[in-house]
>>> print(open('query-v8.txt').read())   # compact mmCIF, C-alpha atoms
# COMPACT_ATOMS: atom_id res chain seq x y z
CA MET A 1 69.90 -18.45 166.72
CA LYS A 2 72.80 -20.74 165.83
CA ALA A 3 76.22 -19.16 166.22
CA VAL A 4 79.86 -20.19 166.42
CA VAL A 5 81.50 -18.89 169.60
CA VAL A 6 85.01 -18.84 171.03
CA THR A 7 85.63 -18.78 174.75
CA ASP A 8 89.32 -19.25 175.53
CA GLN A 9 92.21 -17.74 173.58
CA ALA A 10 94.67 -20.22 175.07
CA VAL A 11 92.98 -23.23 173.45
CA GLY A 12 92.12 -21.65 170.07
CA THR A 13 89.85 -23.75 167.87
CA ALA A 14 89.56 -26.37 170.62
CA GLY A 15 87.37 -23.88 172.45
CA MET A 16 85.22 -23.06 169.41
CA THR A 17 81.68 -24.45 169.43
CA LEU A 18 78.36 -24.12 167.60
CA VAL A 19 75.75 -23.02 170.13
CA GLU A 20 72.40 -21.28 170.51
CA ARG A 21 72.66 -17.55 171.21
CA PRO A 22 70.06 -14.79 171.57
CA GLU A 23 69.39 -12.81 168.41
CA PRO A 24 71.07 -9.37 168.50
CA ASN A 25 69.22 -6.07 168.75
CA ALA A 26 69.89 -3.07 166.53
CA ALA A 27 71.48 -0.15 168.36
CA ILE A 28 71.43 3.44 167.09
CA ASN A 29 72.55 3.55 163.43
CA ASP A 30 72.69 -0.28 163.32
CA VAL A 31 70.89 -2.80 161.22
CA VAL A 32 70.34 -6.45 162.01
CA VAL A 33 71.22 -8.67 159.07
CA GLN A 34 69.92 -12.17 158.48
CA VAL A 35 73.20 -13.77 157.48
CA HIS A 36 73.16 -15.98 154.40
CA ALA A 37 76.92 -16.32 153.98
CA SER A 38 79.88 -15.47 156.20
CA GLY A 39 83.58 -14.97 155.59
CA PHE A 40 86.35 -15.19 158.15
CA THR A 41 90.11 -14.78 158.43
CA PRO A 42 91.99 -17.81 159.81
CA GLY A 43 94.15 -15.59 162.03
CA GLU A 44 91.19 -14.04 163.87
CA LEU A 45 91.79 -16.12 166.97
CA THR A 46 95.11 -14.30 167.48
CA TRP A 47 93.55 -10.81 167.29
CA PRO A 48 93.02 -8.99 170.63
CA SER A 49 89.71 -7.64 169.27
CA THR A 50 88.32 -11.18 169.12
CA TRP A 51 88.61 -11.42 172.89
CA THR A 52 88.20 -7.90 174.27
CA ASP A 53 86.18 -4.78 173.50
CA ARG A 54 87.55 -1.31 172.75
CA LEU A 55 88.20 -0.71 176.46
CA GLY A 56 90.11 -3.95 176.86
CA ARG A 57 87.29 -5.74 178.70
CA ASP A 58 86.72 -9.45 178.16
CA ARG A 59 83.84 -10.00 175.73
CA THR A 60 83.78 -13.78 175.51
CA PRO A 61 81.98 -15.85 174.46
CA SER A 62 82.44 -13.95 171.21
CA ILE A 63 81.34 -14.73 167.66
CA PRO A 64 84.12 -14.57 165.02
CA GLY A 65 83.77 -13.78 161.31
CA HIS A 66 83.63 -10.24 159.91
CA GLU A 67 82.39 -10.58 156.33
CA LEU A 68 78.81 -11.21 155.29
CA GLY A 69 76.24 -11.41 152.58
CA GLY A 70 72.66 -11.29 153.80
CA VAL A 71 69.33 -9.49 154.09
CA VAL A 72 68.46 -6.58 156.39
CA SER A 73 65.88 -7.77 158.93
CA ALA A 74 65.65 -4.80 161.32
CA LEU A 75 66.71 -1.15 161.55
CA GLY A 76 68.00 0.65 164.62
CA TYR A 77 66.92 4.15 165.63
CA GLY A 78 68.28 6.77 163.26
CA THR A 79 69.45 4.30 160.65
CA THR A 80 69.30 5.63 157.10
CA GLY A 81 70.41 4.47 153.68
CA LEU A 82 69.22 0.86 153.99
CA SER A 83 65.82 -0.79 154.27
CA VAL A 84 64.32 -3.98 155.68
CA GLY A 85 64.44 -6.75 153.09
CA GLN A 86 67.43 -5.27 151.24
CA ARG A 87 70.28 -7.55 150.15
CA VAL A 88 73.59 -6.30 151.56
CA PHE A 89 77.22 -7.27 152.01
CA GLY A 90 80.01 -5.76 154.04
CA LEU A 91 82.53 -5.75 156.83
CA THR A 92 81.56 -5.78 160.50
CA ASP A 93 83.33 -4.10 163.41
CA TRP A 94 86.37 -5.97 164.75
CA THR A 95 85.35 -5.60 168.42
CA ARG A 96 81.71 -6.69 168.11
CA ASP A 97 80.18 -10.11 167.60
CA GLY A 98 80.72 -11.24 164.04
CA THR A 99 79.04 -13.04 161.20
CA LEU A 100 79.39 -16.77 161.92
CA ALA A 101 75.81 -16.69 163.12
CA GLU A 102 72.29 -16.60 161.73
CA TYR A 103 71.95 -12.88 162.59
CA VAL A 104 74.39 -10.06 163.24
CA ALA A 105 74.03 -6.41 164.34
CA VAL A 106 76.26 -4.08 162.36
CA GLU A 107 76.61 -0.36 161.69
CA ALA A 108 74.68 0.48 158.54
CA ARG A 109 77.60 2.49 157.14
CA ASN A 110 79.70 -0.70 157.01
CA LEU A 111 77.35 -2.29 154.46
CA ALA A 112 76.66 -1.82 150.77
CA PRO A 113 73.76 -3.03 148.60
CA LEU A 114 74.35 -6.47 147.09
CA PRO A 115 72.92 -6.73 143.57
CA GLY A 116 70.38 -9.48 143.04
CA ASP A 117 72.54 -11.28 140.47
CA VAL A 118 75.49 -11.68 142.88
CA ASP A 119 75.31 -14.75 145.11
CA PHE A 120 75.52 -14.23 148.87
CA THR A 121 78.62 -16.44 149.03
CA VAL A 122 80.36 -14.19 146.51
CA GLY A 123 79.31 -11.09 148.43
CA ALA A 124 80.73 -12.53 151.64
CA SER A 125 84.06 -13.25 149.94
CA LEU A 126 84.68 -9.65 148.89
CA PRO A 127 84.92 -7.26 151.87
CA ILE A 128 88.28 -8.03 153.46
CA SER A 129 90.18 -9.11 150.35
CA GLY A 130 88.58 -6.55 148.07
CA LEU A 131 88.80 -3.57 150.40
CA THR A 132 92.36 -4.45 151.45
CA ALA A 133 93.44 -4.59 147.81
CA TRP A 134 91.58 -1.41 146.90
CA GLN A 135 92.86 0.63 149.83
CA GLY A 136 96.40 -0.69 149.57
CA LEU A 137 96.67 0.05 145.85
CA PHE A 138 94.69 3.24 145.39
CA VAL A 139 94.48 4.96 148.79
CA HIS A 140 97.91 4.13 150.24
CA GLY A 141 99.92 2.96 147.22
CA ARG A 142 98.60 5.59 144.77
CA VAL A 143 99.26 3.23 141.87
CA GLN A 144 99.44 4.82 138.44
CA VAL A 145 99.30 3.67 134.83
CA GLY A 146 102.61 2.27 133.67
CA GLN A 147 104.01 1.51 137.11
CA SER A 148 105.37 -1.91 138.08
CA VAL A 149 103.78 -3.67 141.05
CA LEU A 150 105.20 -6.67 142.90
CA VAL A 151 102.38 -8.62 144.60
CA HIS A 152 103.31 -11.12 147.29
CA GLY A 153 100.94 -14.04 147.67
CA ALA A 154 99.46 -13.33 144.25
CA ALA A 155 97.40 -16.55 144.27
CA GLY A 156 95.82 -15.84 147.67
CA GLY A 157 92.63 -14.03 148.62
CA VAL A 158 94.14 -10.54 148.92
CA GLY A 159 96.96 -11.02 146.42
CA SER A 160 94.68 -12.20 143.63
CA MET A 161 92.51 -9.09 144.10
CA VAL A 162 95.58 -6.84 144.10
CA THR A 163 96.82 -8.50 140.93
CA GLN A 164 93.55 -8.00 139.08
CA LEU A 165 92.98 -4.42 140.23
CA ALA A 166 96.58 -3.42 139.46
CA ARG A 167 96.32 -4.85 135.95
CA GLU A 168 93.05 -2.99 135.40
CA ALA A 169 94.76 0.21 136.57
CA GLY A 170 97.39 -0.22 133.86
CA ALA A 171 100.27 -1.50 135.99
CA TYR A 172 102.76 -4.23 135.10
CA VAL A 173 102.26 -6.97 137.70
CA ILE A 174 104.82 -9.42 139.05
CA GLY A 175 103.32 -12.05 141.36
CA THR A 176 105.10 -14.13 143.99
CA GLY A 177 104.31 -17.30 145.90
CA ARG A 178 105.23 -20.96 146.06
CA ALA A 179 105.94 -22.94 142.91
CA ALA A 180 102.49 -24.52 143.05
CA ASP A 181 100.91 -21.04 142.94
CA ARG A 182 102.48 -20.01 139.63
CA GLN A 183 99.64 -20.88 137.25
CA VAL A 184 96.94 -19.50 139.54
CA ALA A 185 98.80 -16.19 139.84
CA LEU A 186 99.26 -16.01 136.07
CA ASP A 187 95.59 -16.85 135.54
CA PHE A 188 94.65 -13.91 137.77
CA GLY A 189 96.72 -11.62 135.55
CA ALA A 190 100.31 -11.58 136.81
CA GLN A 191 102.68 -11.02 133.89
CA GLU A 192 105.65 -12.57 135.68
CA PHE A 193 105.98 -14.91 138.64
CA VAL A 194 108.69 -15.26 141.28
CA ASP A 195 108.87 -18.60 143.11
CA LEU A 196 109.91 -17.48 146.59
CA GLU A 197 111.22 -20.98 147.40
CA ASN A 198 113.56 -21.26 144.41
CA ASP A 199 113.97 -17.88 142.69
CA ALA A 200 115.95 -14.89 143.93
CA LEU A 201 113.57 -12.06 144.85
CA GLU A 202 116.41 -9.59 144.33
CA ASP A 203 116.55 -10.46 140.63
CA VAL A 204 113.24 -8.65 140.11
CA GLY A 205 115.02 -5.32 139.83
CA GLY A 206 113.46 -1.95 140.54
CA VAL A 207 109.66 -1.86 140.93
CA ASP A 208 107.47 1.09 141.82
CA LEU A 209 105.27 -0.60 144.40
CA VAL A 210 105.41 -3.73 146.53
CA PHE A 211 102.20 -5.03 148.11
CA ASP A 212 103.32 -7.27 150.99
CA VAL A 213 101.03 -9.76 152.75
CA ILE A 214 103.85 -11.87 154.21
CA GLY A 215 106.14 -9.68 156.33
CA GLY A 216 109.23 -11.01 158.10
CA ASP A 217 112.31 -11.61 155.99
CA ILE A 218 110.37 -11.29 152.73
CA GLY A 219 109.03 -7.93 153.84
CA LYS A 220 112.52 -6.65 154.70
CA ARG A 221 114.03 -7.86 151.43
CA SER A 222 111.17 -6.35 149.47
CA ALA A 223 112.29 -2.83 150.34
CA GLY A 224 115.49 -3.50 148.41
CA VAL A 225 113.73 -4.21 145.10
CA ILE A 226 111.81 -0.92 145.10
CA ARG A 227 113.20 1.91 143.01
CA PRO A 228 114.16 5.16 144.81
CA GLY A 229 111.01 7.05 145.67
CA GLY A 230 108.82 3.94 145.42
CA THR A 231 106.32 2.54 147.90
CA LEU A 232 106.08 -0.50 150.16
CA VAL A 233 102.52 -1.24 151.28
CA THR A 234 102.06 -3.98 153.86
CA ILE A 235 99.27 -5.58 155.87
CA ALA A 236 101.75 -7.74 157.80
CA GLY A 237 102.53 -5.20 160.52
CA PRO A 238 104.93 -2.24 160.64
CA ALA A 239 107.57 -2.45 157.90
CA GLU A 240 111.05 -3.32 159.14
CA ALA A 241 112.71 -1.63 156.16
CA ARG A 242 111.71 1.15 153.80
CA PRO A 243 112.61 1.91 150.18
CA ALA A 244 115.28 4.52 149.49
CA ASP A 245 113.72 7.99 149.45
CA GLY A 246 110.33 6.25 149.42
CA ARG A 247 107.38 5.37 151.61
CA ALA A 248 106.57 2.35 153.77
CA ILE A 249 102.94 2.10 154.82
CA ASP A 250 101.22 -0.50 156.99
CA PHE A 251 97.47 -0.32 157.36
CA VAL A 252 94.38 -2.09 158.65
CA VAL A 253 91.47 -2.38 156.26
CA GLU A 254 88.39 -0.23 156.92
CA ALA A 255 84.79 -0.61 155.84
CA ASP A 256 83.79 1.71 153.01
CA ARG A 257 80.43 1.57 151.22
CA ALA A 258 81.55 3.39 148.08
CA GLN A 259 84.57 1.14 147.64
CA LEU A 260 82.47 -1.98 148.20
CA SER A 261 80.12 -0.79 145.47
CA GLU A 262 83.06 -0.29 143.08
CA ILE A 263 84.35 -3.77 143.86
CA VAL A 264 81.03 -5.57 143.36
CA ARG A 265 80.48 -3.65 140.11
CA ARG A 266 83.71 -5.19 138.80
CA VAL A 267 82.55 -8.64 139.89
CA ARG A 268 79.29 -8.24 137.98
CA ASP A 269 80.98 -7.26 134.74
CA GLY A 270 83.62 -9.97 134.97
CA ARG A 271 86.64 -7.81 135.76
CA LEU A 272 87.17 -9.39 139.20
CA LEU A 273 87.24 -13.14 139.77
CA MET A 274 87.42 -15.00 143.09
CA ASN A 275 88.53 -18.45 144.13
CA ILE A 276 86.17 -19.56 146.91
CA GLY A 277 85.17 -22.77 148.62
CA VAL A 278 81.91 -23.14 150.52
CA ALA A 279 81.16 -25.00 153.76
CA ALA A 280 78.06 -25.22 155.96
CA LEU A 281 77.69 -23.48 159.33
CA ASP A 282 77.81 -26.88 161.02
CA ASP A 283 81.29 -27.32 159.53
CA ALA A 284 82.59 -23.85 160.40
CA VAL A 285 84.64 -25.00 163.39
CA ALA A 286 86.49 -27.53 161.23
CA ALA A 287 87.01 -24.88 158.55
CA PHE A 288 89.12 -22.83 160.98
CA ASN A 289 91.51 -25.76 161.39
CA PRO A 290 94.49 -25.37 159.00
CA THR A 291 94.45 -29.08 158.17
CA GLU A 292 90.76 -29.02 157.25
CA ARG A 293 90.59 -25.91 155.09
CA ILE A 294 89.14 -26.21 151.62
CA LYS A 295 90.73 -24.76 148.51
CA GLY A 296 90.27 -21.04 147.99
CA LYS A 297 88.82 -18.54 150.42
CA THR A 298 86.46 -20.41 152.71
CA ILE A 299 82.93 -19.02 152.89
CA ILE A 300 80.39 -20.41 155.32
CA ARG A 301 76.90 -20.76 153.88
CA VAL A 302 74.68 -20.00 156.88
CA ARG A 303 71.39 -20.43 154.99
CA PRO A 304 70.73 -22.61 151.94
>>> encode(input="query-v8.txt", output="structure tokens")
Amino acid sequence: MKAVVVTDQAVGTAGMTLVERPEPNAAINDVVVQVHASGFTPGELTWPSTWTDRLGRDRTPSIPGHELGGVVSALGYGTTGLSVGQRVFGLTDWTRDGTLAEYVAVEARNLAPLPGDVDFTVGASLPISGLTAWQGLFVHGRVQVGQSVLVHGAAGGVGSMVTQLAREAGAYVIGTGRAADRQVALDFGAQEFVDLENDALEDVGGVDLVFDVIGGDIGKRSAGVIRPGGTLVTIAGPAEARPADGRAIDFVVEADRAQLSEIVRRVRDGRLLMNIGVAALDDAVAAFNPTERIKGKTIIRVRP
């Protein structure tokens, strides 16, 4: 099968190539998926799990990409809940070979059925952004009707999902980003916008929840705009400051079939919109390069 592999962390994308690899086998509770579309995170080449397994052993050459839309082609021993020929989408394990390949082996529990009227490219765009937004807002942030939510990076892949889900949950949403992101953030449902290059973040006042995807100085300052007892949720690493009498939570997204099903249901009925760009597998190496990225979340179409 064709697959994108990385071999040397020191050289990054310069060591990324499209090669022929053996097709994977399905272990216990696995399925093999014929990948039709794959999603990736640009920062994957900095993650230890891209280069080593759970015991810290080198696992290169490794295949990046952890989101997929595809069709189940084989079942491992003991696998239940899915069937050969079924359309699926989901999030693969961080320490196993990923989805920038024609086939991938993945634990069945990490996948959810993909309805026939949802394109594979759309399915592949949902797992990381959608699950991160869902878990950050509802599991960790415990957002409630009438609360105010400040969403950093509101025009981005995660931020746009957070914005839409928070609005649906009855929250008042303030988006942030660069000046050029203003209209996109408003189009996704933000009711106010803070230009982080020109506006004072501190002028926002007291909000109930901040969803931080940036970290650093912005993350530290964000704690100061949260009302006493409020919540800072971040995916940018451990929070360096916490709200007064409140909570600061950093988390790593986890696969969840029920949550994936909730997310794709909202896509089907028009409550969740995505901004995606599509490239071919032959162009996947270039798509990892920051200067070559296309607008929106990049999805690699593995099969026509």
>>> residues_around(input="query-v8.txt", residues="A:Asp217", least_positions_apart="5", cutoff="12 Å", atoms="all atoms listed in the file", output="list in words")
Leu196, Leu201, Asp212, Ser222, Ala223, Gly224, Ala236, Ala239, Glu240 and Ala241 of chain A
>>> write_last_selection(input="query-v8.txt", atoms="C-alpha atoms", output="PDB file, keeping the file's coordinate frame")
ATOM      1  CA  LEU A 196     109.910 -17.480 146.590  1.00  0.00           C
ATOM      2  CA  LEU A 201     113.570 -12.060 144.850  1.00  0.00           C
ATOM      3  CA  ASP A 212     103.320  -7.270 150.990  1.00  0.00           C
ATOM      4  CA  SER A 222     111.170  -6.350 149.470  1.00  0.00           C
ATOM      5  CA  ALA A 223     112.290  -2.830 150.340  1.00  0.00           C
ATOM      6  CA  GLY A 224     115.490  -3.500 148.410  1.00  0.00           C
ATOM      7  CA  ALA A 236     101.750  -7.740 157.800  1.00  0.00           C
ATOM      8  CA  ALA A 239     107.570  -2.450 157.900  1.00  0.00           C
ATOM      9  CA  GLU A 240     111.050  -3.320 159.140  1.00  0.00           C
ATOM     10  CA  ALA A 241     112.710  -1.630 156.160  1.00  0.00           C
TER      11      ALA A 241
END
>>> closest_residue(input="query-v8.txt", among="A:Met161, A:Leu18, A:Ala166, A:Ala105", to="A:Val145", atoms="all atoms listed in the file")
A:Ala166
>>> closest_residue(input="query-v8.txt", among="A:Ile63, A:Gly98, A:Gly12, A:Gln147", to="A:Pro290", atoms="all atoms listed in the file")
A:Gly12
>>> residues_around(input="query-v8.txt", residues="A:Pro42", least_positions_apart="4", cutoff="10 Å", atoms="only C-alpha atoms", output="list in words")
Thr46, Pro64, Gly65, Ala287, Phe288, Asn289, Pro290, Arg293, Lys297 and Thr298 of chain A
>>> closest_residue(input="query-v8.txt", among="A:Gly270, A:Gly43, A:Pro24, A:Pro61", to="A:Val4", atoms="all atoms listed in the file")
A:Pro61
>>> residues_near_point(input="query-v8.txt", point="(104.1, -7.1, 142.0)", cutoff="8 Å", atoms="only C-alpha atoms", output="PyMOL selection string")
chain A and resi 148-152+163+172-176+190+207+209-211
>>> residues_around(input="query-v8.txt", residues="stretch 122-124 of chain A", least_positions_apart="4", cutoff="12 Å", atoms="all atoms listed in the file", output="PyMOL selection string")
chain A and resi 35-41+65-71+87-92+99-100+111-118+128-130+260-261+263-265+267-268+272-278+297-302
>>> build_atoms(input="query-v8.txt", residues="stretch 281-292 of chain A", atoms="all heavy atoms", output="PDB file, in the coordinates of the input")
ATOM      1  N   LEU A 281      77.463 -24.017 157.985  1.00  0.00           N
ATOM      2  CA  LEU A 281      77.690 -23.480 159.330  1.00  0.00           C
ATOM      3  C   LEU A 281      78.072 -24.600 160.301  1.00  0.00           C
ATOM      4  O   LEU A 281      78.916 -24.402 161.188  1.00  0.00           O
ATOM      5  CB  LEU A 281      76.449 -22.738 159.825  1.00  0.00           C
ATOM      6  CG  LEU A 281      76.566 -22.044 161.195  1.00  0.00           C
ATOM      7  CD1 LEU A 281      77.671 -20.987 161.171  1.00  0.00           C
ATOM      8  CD2 LEU A 281      75.229 -21.411 161.582  1.00  0.00           C
ATOM      9  N   ASP A 282      77.473 -25.760 160.134  1.00  0.00           N
ATOM     10  CA  ASP A 282      77.810 -26.880 161.020  1.00  0.00           C
ATOM     11  C   ASP A 282      79.269 -27.307 160.892  1.00  0.00           C
ATOM     12  O   ASP A 282      79.811 -27.951 161.790  1.00  0.00           O
ATOM     13  CB  ASP A 282      76.906 -28.091 160.712  1.00  0.00           C
ATOM     14  CG  ASP A 282      75.469 -27.872 161.154  1.00  0.00           C
ATOM     15  OD1 ASP A 282      75.218 -26.913 161.916  1.00  0.00           O
ATOM     16  OD2 ASP A 282      74.588 -28.642 160.731  1.00  0.00           O
ATOM     17  N   ASP A 283      79.894 -26.942 159.771  1.00  0.00           N
ATOM     18  CA  ASP A 283      81.290 -27.320 159.530  1.00  0.00           C
ATOM     19  C   ASP A 283      82.253 -26.156 159.737  1.00  0.00           C
ATOM     20  O   ASP A 283      83.443 -26.259 159.420  1.00  0.00           O
ATOM     21  CB  ASP A 283      81.451 -27.847 158.104  1.00  0.00           C
ATOM     22  CG  ASP A 283      80.590 -29.072 157.846  1.00  0.00           C
ATOM     23  OD1 ASP A 283      80.503 -29.932 158.742  1.00  0.00           O
ATOM     24  OD2 ASP A 283      79.995 -29.160 156.754  1.00  0.00           O
ATOM     25  N   ALA A 284      81.758 -25.046 160.276  1.00  0.00           N
ATOM     26  CA  ALA A 284      82.590 -23.850 160.400  1.00  0.00           C
ATOM     27  C   ALA A 284      83.756 -24.045 161.351  1.00  0.00           C
ATOM     28  O   ALA A 284      84.854 -23.523 161.118  1.00  0.00           O
ATOM     29  CB  ALA A 284      81.733 -22.662 160.860  1.00  0.00           C
ATOM     30  N   VAL A 285      83.555 -24.777 162.432  1.00  0.00           N
ATOM     31  CA  VAL A 285      84.640 -25.000 163.390  1.00  0.00           C
ATOM     32  C   VAL A 285      85.788 -25.744 162.703  1.00  0.00           C
ATOM     33  O   VAL A 285      86.962 -25.369 162.816  1.00  0.00           O
ATOM     34  CB  VAL A 285      84.148 -25.778 164.621  1.00  0.00           C
ATOM     35  CG1 VAL A 285      85.315 -26.147 165.534  1.00  0.00           C
ATOM     36  CG2 VAL A 285      83.117 -24.948 165.393  1.00  0.00           C
ATOM     37  N   ALA A 286      85.459 -26.772 161.950  1.00  0.00           N
ATOM     38  CA  ALA A 286      86.490 -27.530 161.230  1.00  0.00           C
ATOM     39  C   ALA A 286      87.175 -26.655 160.198  1.00  0.00           C
ATOM     40  O   ALA A 286      88.379 -26.795 159.954  1.00  0.00           O
ATOM     41  CB  ALA A 286      85.875 -28.752 160.564  1.00  0.00           C
ATOM     42  N   ALA A 287      86.432 -25.721 159.596  1.00  0.00           N
ATOM     43  CA  ALA A 287      87.010 -24.880 158.550  1.00  0.00           C
ATOM     44  C   ALA A 287      88.098 -23.953 159.080  1.00  0.00           C
ATOM     45  O   ALA A 287      88.958 -23.500 158.325  1.00  0.00           O
ATOM     46  CB  ALA A 287      85.905 -24.054 157.886  1.00  0.00           C
ATOM     47  N   PHE A 288      88.078 -23.663 160.379  1.00  0.00           N
ATOM     48  CA  PHE A 288      89.120 -22.830 160.980  1.00  0.00           C
ATOM     49  C   PHE A 288      90.420 -23.608 161.157  1.00  0.00           C
ATOM     50  O   PHE A 288      91.486 -23.027 161.321  1.00  0.00           O
ATOM     51  CB  PHE A 288      88.673 -22.314 162.348  1.00  0.00           C
ATOM     52  CG  PHE A 288      88.201 -20.886 162.336  1.00  0.00           C
ATOM     53  CD1 PHE A 288      86.897 -20.580 161.997  1.00  0.00           C
ATOM     54  CD2 PHE A 288      89.062 -19.858 162.666  1.00  0.00           C
ATOM     55  CE1 PHE A 288      86.451 -19.268 161.995  1.00  0.00           C
ATOM     56  CE2 PHE A 288      88.632 -18.542 162.661  1.00  0.00           C
ATOM     57  CZ  PHE A 288      87.323 -18.246 162.324  1.00  0.00           C
ATOM     58  N   ASN A 289      90.335 -24.930 161.171  1.00  0.00           N
ATOM     59  CA  ASN A 289      91.510 -25.760 161.390  1.00  0.00           C
ATOM     60  C   ASN A 289      92.362 -25.786 160.122  1.00  0.00           C
ATOM     61  O   ASN A 289      91.875 -26.141 159.051  1.00  0.00           O
ATOM     62  CB  ASN A 289      91.069 -27.186 161.753  1.00  0.00           C
ATOM     63  CG  ASN A 289      92.210 -28.059 162.207  1.00  0.00           C
ATOM     64  OD1 ASN A 289      93.317 -27.964 161.682  1.00  0.00           O
ATOM     65  ND2 ASN A 289      91.954 -28.907 163.183  1.00  0.00           N
ATOM     66  N   PRO A 290      93.645 -25.430 160.209  1.00  0.00           N
ATOM     67  CA  PRO A 290      94.490 -25.370 159.000  1.00  0.00           C
ATOM     68  C   PRO A 290      94.521 -26.667 158.212  1.00  0.00           C
ATOM     69  O   PRO A 290      94.650 -26.648 156.988  1.00  0.00           O
ATOM     70  CB  PRO A 290      95.873 -25.026 159.559  1.00  0.00           C
ATOM     71  CG  PRO A 290      95.615 -24.367 160.865  1.00  0.00           C
ATOM     72  CD  PRO A 290      94.378 -25.010 161.418  1.00  0.00           C
ATOM     73  N   THR A 291      94.381 -27.804 158.882  1.00  0.00           N
ATOM     74  CA  THR A 291      94.450 -29.080 158.170  1.00  0.00           C
ATOM     75  C   THR A 291      93.140 -29.429 157.476  1.00  0.00           C
ATOM     76  O   THR A 291      93.097 -30.349 156.660  1.00  0.00           O
ATOM     77  CB  THR A 291      94.808 -30.219 159.136  1.00  0.00           C
ATOM     78  OG1 THR A 291      93.772 -30.346 160.123  1.00  0.00           O
ATOM     79  CG2 THR A 291      96.129 -29.941 159.831  1.00  0.00           C
ATOM     80  N   GLU A 292      92.077 -28.707 157.801  1.00  0.00           N
ATOM     81  CA  GLU A 292      90.760 -29.020 157.250  1.00  0.00           C
ATOM     82  C   GLU A 292      90.297 -28.021 156.198  1.00  0.00           C
ATOM     83  O   GLU A 292      89.236 -28.193 155.609  1.00  0.00           O
ATOM     84  CB  GLU A 292      89.712 -29.068 158.375  1.00  0.00           C
ATOM     85  CG  GLU A 292      89.985 -30.112 159.445  1.00  0.00           C
ATOM     86  CD  GLU A 292      89.799 -31.524 158.922  1.00  0.00           C
ATOM     87  OE1 GLU A 292      88.991 -31.707 158.002  1.00  0.00           O
ATOM     88  OE2 GLU A 292      90.473 -32.436 159.427  1.00  0.00           O
TER      89      GLU A 292
END
